[in-house]
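Okay, structure first, notes after.
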Amino acid sequence: MEKYILVTGASSGIGRAVAISLSQNYNVILHGRNSERLNEVKNICSHHNKCLVWQEELTQIEMLEEHLQHFLKENEVMVEGYVHCAGLMKMLPLRSQSFTNIQQTFYTNVISAMLITKVLSSKKWNGGLRSIVYISSNISNRGAKAFNIYASSKGALDAFMRSMAVELAPHVRVNSILPGAVLTDMTTDIFANKEVEERMKSTYPLGFGHPQDIADGVKFLLSEQSRWITGQQLVIDGGRTVDITG
């Protein structure tokens, strides 16, 4: 059975950069909702390794486990690494949040990660899992206006990461990466206002990040160079969270 790395949210942003970067060294499973965009990423990925597409809507949670089990069996693959890049973020004050948005955010950012981890860590369905990396956020340990539901979902993801690091040891390492402001499609609306962009940028000692900055961190956490690292939050945010300048 051939070994693969599964990357959720691989059709855009950080997930796209992670998938393309990992394809240089691994066989990769590209997950996303849009088949056209997934195939575009597939065509960019390195042709030295194999690339499969798994189209799945993570907010439709009821059938997720069964669909993933079917995909693994049908393609006769074993997943050795799992990177959860899929994410949903809607910036609104709590008074404007709807139940649907809260539900879909947690389904995408947390619950789908839990169910995918459940399947991949099962010896019945996948016997070779070695490393998991969840893409969280540096806001998971902090607070900000209008980030209430998104921050809550990332905090939950990191709490899950720590417990799974203990539960799956010593065979599987589980860590998360906490990016700061990365220039992606998801953050376009935040930076649309130039005044807001400049104000935010002034709080980043190294400036804003790019998707490849996160992809490089993922490659490290999947590799044997990080063999003694588990249960950790790797902050990659250009120094934002250490800057207490008034």
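By convention in this document, the chains of the structure tokens carry letters A, B, ... by their order, each chain's residues are numbered from 1, and ligands are numbered from 1 in the order they are shown.
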
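Near Asp216 in chain A, within 9 Å and counting only C-alpha atoms, sit Val18, Ser21, Pro211 and Leu221 of chain A; same-chain residues fewer than 5 positions away were not included.
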
Would you mind exporting N, CA and C atoms of the selected residues as a short mmCIF file (atom, residue, chain, number, x, y, z; two decimals), in the first residue's frame?
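Below is the file selection_38.cif, written as the result:
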data_model
loop_
_atom_site.label_atom_id
_atom_site.label_comp_id
_atom_site.auth_asym_id
_atom_site.auth_seq_id
_atom_site.Cartn_x
_atom_site.Cartn_y
_atom_site.Cartn_z
N VAL A 18 0.90 24.39 1.10
CA VAL A 18 1.35 23.19 1.82
C VAL A 18 1.36 21.99 0.89
N SER A 21 4.09 22.24 -1.82
CA SER A 21 5.41 22.07 -1.21
C SER A 21 5.67 20.61 -0.83
N PRO A 211 1.95 32.17 2.53
CA PRO A 211 1.62 30.75 2.72
C PRO A 211 2.83 29.83 2.80
N LEU A 221 7.53 19.75 10.81
CA LEU A 221 6.80 18.94 11.79
C LEU A 221 6.44 17.55 11.26
#

Proximity check range 36-85 of chain A to range 8-15 of chain A, 6 Å, nearest pairs one decimal Å, only C-alpha atoms, as CSV:
residue,atom,partner,partner_atom,distance
A:Arg37,CA,A:Ser11,CA,5.5
A:Leu38,CA,A:Ser11,CA,5.0
A:His84,CA,A:Thr8,CA,5.1
A:Cys85,CA,A:Gly15,CA,5.1

Near-Ser152 in chain A list (12 Å; only C-alpha atoms; drop same-chain fewer than 3 positions) as a PyMOL selection string: chain A and resi 89+94+102-103+105-106+109-110+136-144+146-149+155-159

Nearest to Cys45 in chain A by atom-to-atom distance, counting only C-alpha atoms, from A:Asn175, A:Thr117, A:Ser153, A:Asn27: A:Asn27

DSSP-assigned helix (DSSP H, G or I) members of range 18-224 of chain A, reported as a ChimeraX atom specification: /A:18-22,35-44,61-75,94-96,99-120,138-141,148-167,190-192,194-201,211-222,224
